[in-house]
Amino acid sequence: MASIRRTLSQVYQDRSYQNGVASAQAHKLFSTNNNSGKYSSLTSTSAVAAASVYLRRKGFRRSFYRCTIFFILGLLLGIFPFGQVDNDINKHDFSFEMKPPHVNVQLDTKDNFALAAVSLGVEKTTPQLDRFSRFDYVERKQVIVITPTYNRALQAYFLNRLGQVLRLVQPPLLWIVVEMTSASAETAEILRKTGVMYRHLVCVNKNNTNVKDRGVHQRNAGLEHIERHRLDGIVYFADDDNVYSLQLFESLRNISHFGTWPVAMLAQSKNKAIVEGPVCNASQVIGWHTNEKSKRLRRFHVDMSGFAFNSTILWDPKRWNRPFSNPIRQLDTVKEGFQETTFIEQVVEDESQMESVPPSCSRILNWHLHLDAHGLVYPRGWLLQKNLEVVQPIK
């Protein structure tokens, strides 16, 4: 409600003036009182608006304080639950997969099927191994497999067979495949499809005409790659035409320095099997199996696929107290069959530095069969472009 502010003026002090002056002063007083009424009305409206804003702010603060108190109270109740939670339930104990229920079916006299019982429920199952279970994130030594290969009729078959075996080995595993002159597109395609971590190398040799054993130079190319990049792991020479067991590659990770094992192979006549490799007593090598008189002069009677060693021997000679720092390589100048013993003599001094794989050399883990086909024409791209010229009709 508007208030009328009355001030002291000359109208109330001088009552003796006549109408002229008095009326003028009265008119002036009336106009002054009218303006003061308008000012009083505006002041009251501003006061009401300020009061409403203050009340709104006060209500917002009160709501905010209440929400904060309830939030802190709920947080404390969640951190300190009133009760005990049973954590014995395993996520693998129950399977919510929809499976057809077990139904007992009985055949009545009228050849009609009658359902005896139908049961639905949660079935307790055990976790099954799948293809992702092999990645269990357990620290293991890396296995470095060096495979020399060359163009021939059964190359694709041998590489695919070896690649499928290496695919089943627990990682980490590195497959180094070395070709002689150039990297073929067919070999690269096979390596990509195996799903194994690999490196495709080419052995560059200036004098290819003077090469006696291409496998020696290809393995040396793989050793040079390991030494240059300081790859850490267990090095194993695996030819693509051999037969390997999965346990062999898993046993390689137990080698600390140099490991060896017996290898079964066919004799030259291919009518009997012979064993070549170490004779072991527990984990010690005490002798050698040998059946060929021409190889009795060798210091170590072992096949190329019958030993493995630590890769740090190649690029860290101080760790193994090697007296010389010359690179360890296979020799092409020695006779056939002596590449293994001359190479091993660069790695170890005697049998005391060797380890048997598996203990006591009790199992044959790989076979060297020499079943490669000779005299077959290698088709370009591994595909026959046309049929044979002779067609034999069916009688």
# chains A, B, ... in the order shown; residues from 1 in each chain; ligands from 1

call {"tool": "closest_atom_pairs", "arguments": {"of": "range 308-367 of chain A", "to": "range 264-281 of chain A", "cutoff": "12 Å", "atoms": "only C-alpha atoms", "output": "Markdown table"}}
result
| residue | atom | partner | partner_atom | distance |
| --- | --- | --- | --- | --- |
| A:Glu340 | CA | A:Gly277 | CA | 11.4 |
| A:Thr341 | CA | A:Gly277 | CA | 11.5 |
| A:Glu351 | CA | A:Pro278 | CA | 9.5 |
| A:Ser352 | CA | A:Cys280 | CA | 11.4 |
| A:Met354 | CA | A:Pro278 | CA | 9.9 |
| A:Glu355 | CA | A:Cys280 | CA | 8.9 |
| A:Ser356 | CA | A:Cys280 | CA | 6.5 |
| A:Val357 | CA | A:Cys280 | CA | 9.2 |
| A:Pro358 | CA | A:Cys280 | CA | 9.6 |
| A:Pro359 | CA | A:Cys280 | CA | 7.8 |
| A:Ser360 | CA | A:Cys280 | CA | 4.9 |
| A:Cys361 | CA | A:Cys280 | CA | 5.8 |
| A:Ser362 | CA | A:Cys280 | CA | 8.5 |
| A:Arg363 | CA | A:Ala264 | CA | 10.1 |
| A:Ile364 | CA | A:Ala264 | CA | 6.7 |
| A:Leu365 | CA | A:Ala264 | CA | 8.4 |
| A:Asn366 | CA | A:Ala264 | CA | 6.7 |
| A:Trp367 | CA | A:Ala264 | CA | 4.9 |

call {"tool": "atom_distance", "arguments": {"atom1": "CA of Arg140 in chain A", "atom2": "CA of Pro171 in chain A"}}
result
7.8 Å

call {"tool": "residues_around", "arguments": {"residues": "range 189-197 of chain A", "least_positions_apart": "5", "cutoff": "6 Å", "atoms": "only C-alpha atoms", "output": "ChimeraX atom specification"}}
result
/A:163,167,174

call {"tool": "residues_around", "arguments": {"residues": "range 346-348 of chain A", "least_positions_apart": "4", "cutoff": "10 Å", "atoms": "only C-alpha atoms", "output": "list of chain:residue names"}}
result
A:His257, A:Phe258, A:Phe309, A:Asn310, A:Ile313, A:Leu314, A:Trp320, A:Arg322, A:Phe324, A:Asn326, A:Pro327, A:Ile328, A:Arg329, A:Gln330, A:Thr341, A:Thr342, A:Ser352, A:Gln353, A:Met354

call {"tool": "write_last_selection", "arguments": {"atoms": "C-alpha atoms", "output": "PDB file, in the first residue's frame"}}
result
ATOM      1  CA  HIS A 257      71.748 -73.152 -22.322  1.00  0.00           C
ATOM      2  CA  PHE A 258      71.829 -76.041 -24.817  1.00  0.00           C
ATOM      3  CA  PHE A 309      70.072 -73.392 -27.750  1.00  0.00           C
ATOM      4  CA  ASN A 310      69.638 -70.016 -26.107  1.00  0.00           C
ATOM      5  CA  ILE A 313      74.774 -67.112 -27.086  1.00  0.00           C
ATOM      6  CA  LEU A 314      74.802 -65.420 -30.499  1.00  0.00           C
ATOM      7  CA  TRP A 320      78.307 -67.310 -21.320  1.00  0.00           C
ATOM      8  CA  ARG A 322      82.901 -67.318 -24.429  1.00  0.00           C
ATOM      9  CA  PHE A 324      86.111 -65.536 -28.540  1.00  0.00           C
ATOM     10  CA  ASN A 326      83.455 -64.514 -33.580  1.00  0.00           C
ATOM     11  CA  PRO A 327      79.933 -64.979 -34.938  1.00  0.00           C
ATOM     12  CA  ILE A 328      78.537 -68.500 -34.566  1.00  0.00           C
ATOM     13  CA  ARG A 329      77.636 -69.842 -37.982  1.00  0.00           C
ATOM     14  CA  GLN A 330      77.294 -73.137 -39.794  1.00  0.00           C
ATOM     15  CA  THR A 341      78.937 -81.218 -34.924  1.00  0.00           C
ATOM     16  CA  THR A 342      81.032 -78.275 -36.151  1.00  0.00           C
ATOM     17  CA  SER A 352      78.525 -81.371 -19.315  1.00  0.00           C
ATOM     18  CA  GLN A 353      77.017 -78.165 -20.717  1.00  0.00           C
ATOM     19  CA  MET A 354      74.134 -80.019 -22.404  1.00  0.00           C
TER      20      MET A 354
END
